[in-house]
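Colleague: Take this structure, written in structure tokens, and hold onto it; I'll ask about it next.
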Amino acid sequence: MREYDNTLQLQEQIAQEIDFSKLTEFCDHLTDAIHEIFRSCGLYFRIFSRVKSVDSIAGKLVRRQYGTEQNPKKLQDLIGIRVVLYYYDDLSICREIMESTFQMLDHWSRTSPNANEFKATKINGVFRFPAEYFNSYKKALWTLPIDTTFEVQFRTVFFEGWHEIEHDMRYKSLLSDNQFWDGNEELSRILNCVLANLELSDWSLVQLFDQLSYNHYKSANWELMLKSKFRIHMDDTSELHPDILAVFDRDKNIAKQFFKCSRKELIRELMKQDAPQPSYNLIVRLLNEYKIHNEEIAEIYKNLPNIRDEKTHPKTVFARLDSSVLFHLETPLLHKDTRTLEAEFTNASYVIYKWVRFKLNPVFTDIPEDLCSYQNKLPGYRVKIDYQPDNMVFTMKLNHIDITQAGTLWHIHSSIALLEDGRLHFYHMTSRDMPHGASHQITFSKPSFMNDLCSKIGLADVIRLGNKAHFVTTPGEFEQFCSLIDAQERQLPAIAIIQQDTSEENISNHYTEGYDMNTFTINGTRLAKVVGQYAHVHMIDRNLVTAFSERFNYPVSTVPGAIVIFWPTSQDKTPDAYTQEAVCNAEFDFNRFAFHDDNISEKAFRHKLVQIIKDDNISR
């Protein structure tokens with residue numbers, strides 16, 4: 001009875017501490033992401049997911065004694081994702097994809113092969129929750145011994161039914177395995193024969209298609225050779241280009257090179273593509289670029305289009321709307337003495353007006369070309385532009401539906417106004433109302449007119465904002481940098497990237513602004529192109545390490561290669577500092593660059609910095 005009461009109390013605690021609605025939303029995001037990854041490379045699979053129920057969580061916590069002296073570990077399968085694969089050799093391919101895409105804990109758990117015993121093939125792995133999706137879980141994290149991890153199980157289609165039987169008839173059975181089969185040894189032996197046949201079927205299916213591919217190669221049936229060899233989903237209307245067929249017909253040895261390519265190599269190349277739609281032509285092109293390098297085939301593909309698959313499947317459901325800010329900026333315009341305020345106001349207003357007119361012209365065809373006040377509304381769309389050149393006030397409010405996401409409304413508000421300080425100020429807010437629980441990928445949306453506004457007029461937060469990093473190389477430039485950090489009127493974060501202490505002989509000849517970018521832990525020029533219109537990016541010369549250490553009270557040994565984010569004084573936040581070691585050990589928890597050969601840690605940390613600055617922007 002005491003154990004029963006403890007379980008009831010534990011169930012109540014679980015229900016109170018965990019927001020299962022948000023956890024289910026997160027699970028849907030995660031499942032969709034994994035589904036898209038496998039779909040993009042043409043794999044045959046089915047995917048299932050679940051969030052563990054209150055009863056199941058409580059039962060496992062009690063049964064396994066998680067978080068106790070006997071078992072200090074935590075429950076790791078709060079979210080479970082099961083991927084059922086049609087081909088046995090996809091197990092290793094999908095394992096590699098998951099390892100490279102998400103942060104894995106420990107090692108894969110899999111059935112150990114035994115010559116004298118048949119066991120169902122199962123492969124399980126545990127991965128950390130990707131922060132970019134788990135951020136939607138707003139409730140405080142639970143105190144229960146449950147990890148923020150999800151478990152992925154891979155099975156083949158032949159073993160899918162078997163696993164369900166085994167899970168219910170053995171794993172969850174109240175009787176031990178010996179009692180369950182006691183006196184029924186003959187039936188137990190037959191069950192093992194069934195299992196052996198399933199394993200044989202997995203192996204035989206792959207061998208069958210390999211042999212079929214070879215037969216088609218011998219018969220010069222090139223499309224059928226590719227289809228049976230690589231066994232991936234392809235467009236039903238796909239046909240190999242006649243010029244490629246002619247090359248294969250003329251020289252069978254060239255076709256043989258493609259026949260000898262491995263399926264894993266092709267899938268790795270498909271993973272590098274942006275939303276590919278696998279086809280015969282895409283298979284040949286990728287394998288030729290990656291491995292075969294036949295010049296005649298390469299020349300043929302120069303004149304063929306690169307097909308992409310960008311189909312969307314919007315959900316048509318009703319739900320209450322949640323509001324979220326996607327971009328927010330308030331800052332003065334960069335006034336130059338060579339321009340009048342009137343000219344600056346007109347030019348800035350026209351940049352925004354032109355953007356609105358271009359965006360809405362298909363809906364409101366009567367929007368005048370010349371800058372003026374205008375308002376109109378139609379079902380799903382409303383725009384109001386107030387242009388007062390005499391008072392130097394321009395406001396634009398736009399509300400419109402999202403044509404790809406059902407039930408989603410966008411709200412955009414921009415203004416240019418002359419304020420009491422005698423300067424023109426720019427204000428912008430983009431927000432969105434979306435159905436509660438809907439899966440929306442976009443969480444940040446900077447208006448495209450910002451580039452024109454910055455380049456033609458300019459925005460200033462103490463100093464000019466832009467898409468270039470500021471190089472700090474002299475004591476005078478360093479004092480200007482310090483003045484920016486100390487400025488009470490600064491409204492935006494400032495990122496300092498300190499050069500590494502790299503010896504001169506290791507510096508290459510690839511320079512930007514006089515520097516080899518490899519001497520910085522993060523490429524500041526690339527970072528500034530993304531966040532430079534709503535943050536300051538400075539790259540500090542290594543000769544200023546001591547000055548930086550003394551000025552900002554950091555141990556001099558930790559400064560080379562470090563990155564520091566200085567928040568505006570008004571936010572009353574301590575600067576965020578990251579050592580060179582922390583940057584170089586950075587990893588993606590959802591690695592979209594897994595199949596690229598560039599510096600992954602640099603990309604991972606730069607991606608992290610961008611997300612930090614974006615999160616700050618929409619939270620202000």
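So you can find residues: chains in the structure tokens are A, B, ... in the order shown, residues in each start at 1, and ligands are numbered from 1 in order.
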Write out, as JSON lines, each residue of segment 208-291 of chain A that has an atom at most 8 Å from segment 585-601 of chain A, together with the closest pair of atoms and their distance in Å to one decimal, counting only C-alpha atoms, rows going by chain and rising number.
Modeller:
```
{"residue": "A:Arg268", "atom": "CA", "partner": "A:Phe595", "partner_atom": "CA", "distance": 7.0}
{"residue": "A:Met271", "atom": "CA", "partner": "A:Phe595", "partner_atom": "CA", "distance": 6.8}
{"residue": "A:Lys272", "atom": "CA", "partner": "A:Phe595", "partner_atom": "CA", "distance": 6.0}
```
Colleague: Now that the selection is made, can you save its residues with N, CA, C and O atoms as a PDB file, in the first residue's frame?
Modeller:
```pdb
ATOM      1  N   ARG A 268      25.151  10.367 -48.569  1.00  0.00           N
ATOM      2  CA  ARG A 268      25.938  11.450 -47.970  1.00  0.00           C
ATOM      3  C   ARG A 268      25.923  12.693 -48.860  1.00  0.00           C
ATOM      4  O   ARG A 268      25.834  13.825 -48.379  1.00  0.00           O
ATOM      5  N   MET A 271      22.602  14.436 -48.655  1.00  0.00           N
ATOM      6  CA  MET A 271      22.469  15.184 -47.412  1.00  0.00           C
ATOM      7  C   MET A 271      23.040  16.594 -47.524  1.00  0.00           C
ATOM      8  O   MET A 271      22.641  17.493 -46.798  1.00  0.00           O
ATOM      9  N   LYS A 272      23.981  16.791 -48.433  1.00  0.00           N
ATOM     10  CA  LYS A 272      24.594  18.098 -48.593  1.00  0.00           C
ATOM     11  C   LYS A 272      23.735  19.062 -49.402  1.00  0.00           C
ATOM     12  O   LYS A 272      24.004  20.255 -49.441  1.00  0.00           O
TER      13      LYS A 272
END
```
Colleague: Please run DSSP on the backbone and report, as a VMD selection string, all residues within segment 335-393 of chain A that come out as strand (DSSP E or B).
Modeller: chain A and resid 374 to 378 381 to 388 393
Colleague: Counting only C-alpha atoms, which of A:Cys27, A:Ile403, A:Leu198, A:Ile283 gets nearest to Gly42 of chain A?
Modeller: A:Ile283
Colleague: Excluding Ile495 of chain A and its own-chain neighbours fewer than 4 positions away, which residues fall within 7 Å of it when counting only C-alpha atoms? Please give them as number ranges by chain.
Modeller: A: 536-538, 564-566
Colleague: Which residues, written as JSON, numbers by chain, have at least one atom at most 12 Å from Phe248 of chain A, with only C-alpha atoms counted and residues fewer than 2 positions away on the same chain left out?
Modeller: {"A": [217, 218, 219, 220, 221, 222, 223, 225, 240, 241, 242, 243, 244, 245, 246, 250, 251, 252, 253, 254, 255, 256, 257, 258, 259, 284, 294, 296, 297]}
Colleague: As number ranges by chain, please: all residues of segment 462-583 of chain A that backbone DSSP puts in helix (DSSP H, G or I).
Modeller: A: 475-486, 504-506, 517-519, 524-531, 542-552, 556-558, 569-571, 580-583
Colleague: Contacts of Ser324 of chain A at 10 Å or less, counting only C-alpha atoms, minus same-chain residues fewer than 2 places along, as an MDAnalysis selection string?
Modeller: chainID A and resid 321:322 326:327 410 430:434 443:444 618:619
Colleague: Would you export the selected residues with all heavy atoms as a short mmCIF file (atom, residue, chain, number, x, y, z; two decimals), in the first residue's frame, please?
Modeller:
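To be explicit, this is the file written out as again-v8.cif:
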```cif
data_model
loop_
_atom_site.label_atom_id
_atom_site.label_comp_id
_atom_site.auth_asym_id
_atom_site.auth_seq_id
_atom_site.Cartn_x
_atom_site.Cartn_y
_atom_site.Cartn_z
N LEU A 321 -4.84 32.05 -30.83
CA LEU A 321 -3.60 32.61 -31.35
C LEU A 321 -2.66 33.04 -30.22
O LEU A 321 -3.09 33.61 -29.22
CB LEU A 321 -3.89 33.81 -32.26
CG LEU A 321 -4.80 33.54 -33.47
CD1 LEU A 321 -4.96 34.81 -34.30
CD2 LEU A 321 -4.24 32.42 -34.32
N ASP A 322 -1.38 32.77 -30.40
CA ASP A 322 -0.33 33.25 -29.51
C ASP A 322 0.46 34.32 -30.24
O ASP A 322 0.76 34.18 -31.43
CB ASP A 322 0.61 32.11 -29.11
CG ASP A 322 -0.08 31.08 -28.23
OD1 ASP A 322 -1.05 31.45 -27.56
OD2 ASP A 322 0.35 29.91 -28.23
N LEU A 326 9.07 39.12 -33.56
CA LEU A 326 10.08 38.49 -34.41
C LEU A 326 11.24 39.43 -34.74
O LEU A 326 12.29 38.97 -35.18
CB LEU A 326 9.44 38.00 -35.71
CG LEU A 326 8.29 37.00 -35.55
CD1 LEU A 326 7.86 36.47 -36.91
CD2 LEU A 326 8.69 35.84 -34.65
N PHE A 327 11.05 40.73 -34.60
CA PHE A 327 12.15 41.68 -34.78
C PHE A 327 11.74 43.00 -34.17
O PHE A 327 10.60 43.45 -34.29
CB PHE A 327 12.49 41.88 -36.25
CG PHE A 327 13.70 42.77 -36.47
CD1 PHE A 327 14.97 42.28 -36.25
CD2 PHE A 327 13.56 44.09 -36.88
CE1 PHE A 327 16.08 43.08 -36.44
CE2 PHE A 327 14.67 44.89 -37.07
CZ PHE A 327 15.94 44.38 -36.84
N TRP A 410 0.34 38.44 -39.54
CA TRP A 410 1.57 39.21 -39.38
C TRP A 410 1.22 40.68 -39.13
O TRP A 410 0.28 41.22 -39.74
CB TRP A 410 2.45 39.11 -40.62
CG TRP A 410 3.09 37.76 -40.78
CD1 TRP A 410 2.50 36.62 -41.23
CD2 TRP A 410 4.45 37.43 -40.49
NE1 TRP A 410 3.40 35.58 -41.24
CE2 TRP A 410 4.61 36.05 -40.80
CE3 TRP A 410 5.55 38.14 -40.03
CZ2 TRP A 410 5.82 35.38 -40.63
CZ3 TRP A 410 6.76 37.48 -39.86
CH2 TRP A 410 6.89 36.12 -40.16
N THR A 430 8.20 43.82 -35.93
CA THR A 430 7.51 42.75 -36.64
C THR A 430 7.05 41.73 -35.61
O THR A 430 7.85 41.24 -34.80
CB THR A 430 8.43 42.04 -37.66
OG1 THR A 430 8.80 42.97 -38.68
CG2 THR A 430 7.71 40.86 -38.31
N SER A 431 5.75 41.42 -35.62
CA SER A 431 5.21 40.42 -34.70
C SER A 431 4.26 39.51 -35.46
O SER A 431 3.86 39.80 -36.59
CB SER A 431 4.50 41.09 -33.51
OG SER A 431 3.39 41.85 -33.97
N ARG A 432 3.89 38.43 -34.81
CA ARG A 432 3.06 37.43 -35.48
C ARG A 432 2.11 36.79 -34.48
O ARG A 432 2.48 36.51 -33.34
CB ARG A 432 3.97 36.36 -36.09
CG ARG A 432 3.24 35.22 -36.79
CD ARG A 432 4.24 34.16 -37.24
NE ARG A 432 4.96 33.57 -36.11
CZ ARG A 432 6.04 32.82 -36.23
NH1 ARG A 432 6.54 32.58 -37.43
NH2 ARG A 432 6.64 32.31 -35.17
N ASP A 433 0.87 36.61 -34.91
CA ASP A 433 -0.10 35.84 -34.14
C ASP A 433 -0.28 34.50 -34.83
O ASP A 433 -0.57 34.45 -36.03
CB ASP A 433 -1.46 36.56 -34.09
CG ASP A 433 -1.36 37.92 -33.42
OD1 ASP A 433 -0.47 38.10 -32.57
OD2 ASP A 433 -2.17 38.80 -33.76
N MET A 434 -0.12 33.42 -34.09
CA MET A 434 -0.21 32.09 -34.71
C MET A 434 -1.01 31.15 -33.82
O MET A 434 -1.11 31.36 -32.62
CB MET A 434 1.19 31.53 -34.95
CG MET A 434 2.04 31.40 -33.72
SD MET A 434 3.71 30.85 -34.12
CE MET A 434 4.46 30.86 -32.48
N THR A 443 11.37 32.15 -36.11
CA THR A 443 11.28 32.81 -34.81
C THR A 443 11.92 34.19 -34.84
O THR A 443 11.95 34.88 -33.84
CB THR A 443 11.98 31.97 -33.74
OG1 THR A 443 13.35 31.74 -34.12
CG2 THR A 443 11.29 30.62 -33.56
N PHE A 444 12.46 34.59 -35.99
CA PHE A 444 13.14 35.87 -36.14
C PHE A 444 12.97 36.31 -37.59
O PHE A 444 13.12 35.52 -38.51
CB PHE A 444 14.63 35.72 -35.81
CG PHE A 444 15.39 37.01 -35.80
CD1 PHE A 444 15.41 37.81 -34.68
CD2 PHE A 444 16.09 37.43 -36.93
CE1 PHE A 444 16.12 39.01 -34.67
CE2 PHE A 444 16.80 38.62 -36.93
CZ PHE A 444 16.81 39.41 -35.79
N ILE A 618 14.53 40.13 -29.78
CA ILE A 618 13.08 39.95 -29.68
C ILE A 618 12.58 39.99 -28.25
O ILE A 618 11.37 40.00 -28.01
CB ILE A 618 12.64 38.63 -30.35
CG1 ILE A 618 13.27 37.43 -29.66
CG2 ILE A 618 12.99 38.65 -31.83
CD1 ILE A 618 12.83 36.09 -30.23
N SER A 619 13.50 39.99 -27.26
CA SER A 619 13.09 40.02 -25.86
C SER A 619 13.02 41.44 -25.32
O SER A 619 12.44 41.67 -24.26
CB SER A 619 14.05 39.20 -25.00
OG SER A 619 15.34 39.79 -24.98
#
```
Colleague: I'd like the neighbourhood of Ser40 of chain A as a list in words, where a residue qualifies if any of its atoms comes within 9 Å (using only C-alpha atoms), though same-chain residues fewer than 2 positions away should be ignored.
Modeller: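 The neighbour list is His35, Glu36, Ile37, Phe38, Gly42, Leu43, Leu270, Met271, Gln273, Asp274, Ala275, Pro276, Gln277, Pro278 and Asp309 of chain A.
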Colleague: Since we have the selection now, will you write its residues out, keeping N, CA, C and O atoms, as a tab-separated table (two decimals), in the first residue's frame?
Modeller:
```tsv
chain	number	residue	atom	x	y	z
A	35	HIS	N	12.19	13.60	-39.75
A	35	HIS	CA	11.49	13.12	-40.95
A	35	HIS	C	12.02	13.81	-42.19
A	35	HIS	O	12.29	13.17	-43.22
A	36	GLU	N	12.21	15.14	-42.12
A	36	GLU	CA	12.68	15.89	-43.29
A	36	GLU	C	14.10	15.51	-43.66
A	36	GLU	O	14.46	15.45	-44.83
A	37	ILE	N	14.94	15.24	-42.66
A	37	ILE	CA	16.32	14.84	-42.93
A	37	ILE	C	16.36	13.54	-43.71
A	37	ILE	O	17.03	13.43	-44.75
A	38	PHE	N	15.64	12.53	-43.24
A	38	PHE	CA	15.64	11.24	-43.92
A	38	PHE	C	14.92	11.30	-45.26
A	38	PHE	O	15.32	10.64	-46.22
A	42	GLY	N	16.04	10.48	-49.66
A	42	GLY	CA	15.36	9.43	-50.41
A	42	GLY	C	15.20	8.10	-49.70
A	42	GLY	O	14.86	7.10	-50.34
A	43	LEU	N	15.43	8.05	-48.39
A	43	LEU	CA	15.32	6.78	-47.68
A	43	LEU	C	13.87	6.31	-47.61
A	43	LEU	O	12.94	7.12	-47.54
A	270	LEU	N	23.54	13.44	-51.06
A	270	LEU	CA	22.18	13.98	-51.02
A	270	LEU	C	21.98	14.83	-49.77
A	270	LEU	O	21.27	15.85	-49.81
A	271	MET	N	22.60	14.44	-48.66
A	271	MET	CA	22.47	15.18	-47.41
A	271	MET	C	23.04	16.59	-47.52
A	271	MET	O	22.64	17.49	-46.80
A	273	GLN	N	22.71	18.52	-50.07
A	273	GLN	CA	21.88	19.34	-50.94
A	273	GLN	C	20.81	20.07	-50.13
A	273	GLN	O	20.43	19.66	-49.05
A	274	ASP	N	20.30	21.15	-50.70
A	274	ASP	CA	19.24	21.92	-50.07
A	274	ASP	C	17.91	21.45	-50.62
A	274	ASP	O	17.54	21.78	-51.74
A	275	ALA	N	17.17	20.68	-49.84
A	275	ALA	CA	15.85	20.16	-50.22
A	275	ALA	C	15.88	19.48	-51.59
A	275	ALA	O	15.22	19.91	-52.52
A	276	PRO	N	16.63	18.40	-51.74
A	276	PRO	CA	16.72	17.75	-53.05
A	276	PRO	C	15.48	16.92	-53.35
A	276	PRO	O	14.79	16.47	-52.45
A	277	GLN	N	15.21	16.74	-54.63
A	277	GLN	CA	14.20	15.78	-55.07
A	277	GLN	C	14.95	14.71	-55.86
A	277	GLN	O	15.29	14.92	-57.03
A	278	PRO	N	15.25	13.57	-55.23
A	278	PRO	CA	16.07	12.56	-55.90
A	278	PRO	C	15.50	12.13	-57.25
A	278	PRO	O	14.30	11.94	-57.40
A	309	ASP	N	12.95	20.25	-54.31
A	309	ASP	CA	11.63	19.87	-53.84
A	309	ASP	C	11.27	20.79	-52.69
A	309	ASP	O	11.83	20.69	-51.61
```
Colleague: Could you check the closest approach to Ser448 of chain A for each of A:Leu226, A:Val351, A:Ala33, A:Cys372 and tell me which residue wins, using only C-alpha atoms?
Modeller: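 Closest candidate: A:Val351.
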Colleague: Using only C-alpha atoms, pick whichever of A:Pro145, A:Ala562, A:Asp370, A:Ser136 has the shortest atom-to-atom distance to Thr24 of chain A.
Modeller: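 When distances to Thr24 of chain A are compared using only C-alpha atoms, the smallest one comes from A:Ser136.
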Colleague: Counting only C-alpha atoms, what is within 10 Å of Ala140 of chain A, bar same-chain residues fewer than 4 positions away, as a VMD selection string?
Modeller: chain A and resid 17 to 19
Colleague: Using the selection just defined, write its residues with C-alpha atoms as a short mmCIF file (atom, residue, chain, number, x, y, z; two decimals), in the first residue's frame.
Modeller:
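The result, written out as result14.cif:
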```
data_model
loop_
_atom_site.label_atom_id
_atom_site.label_comp_id
_atom_site.auth_asym_id
_atom_site.auth_seq_id
_atom_site.Cartn_x
_atom_site.Cartn_y
_atom_site.Cartn_z
CA GLU A 17 5.99 19.86 -12.95
CA ILE A 18 5.84 18.88 -16.64
CA ASP A 19 3.89 20.82 -19.27
#
```
Colleague: For the atom pair atom CA of Thr338 of chain A and atom CA of Arg423 of chain A, what is the interatomic distance in Å to one decimal place?
Modeller: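 About the pair atom CA of Thr338 of chain A and atom CA of Arg423 of chain A: they are 14.8 Å apart.
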Colleague: Out of A:Tyr86, A:Leu527, A:Glu289, A:Ile498, which residue has the shortest atom-to-atom distance to Thr546 of chain A when counting only C-alpha atoms?
Modeller: A:Ile498
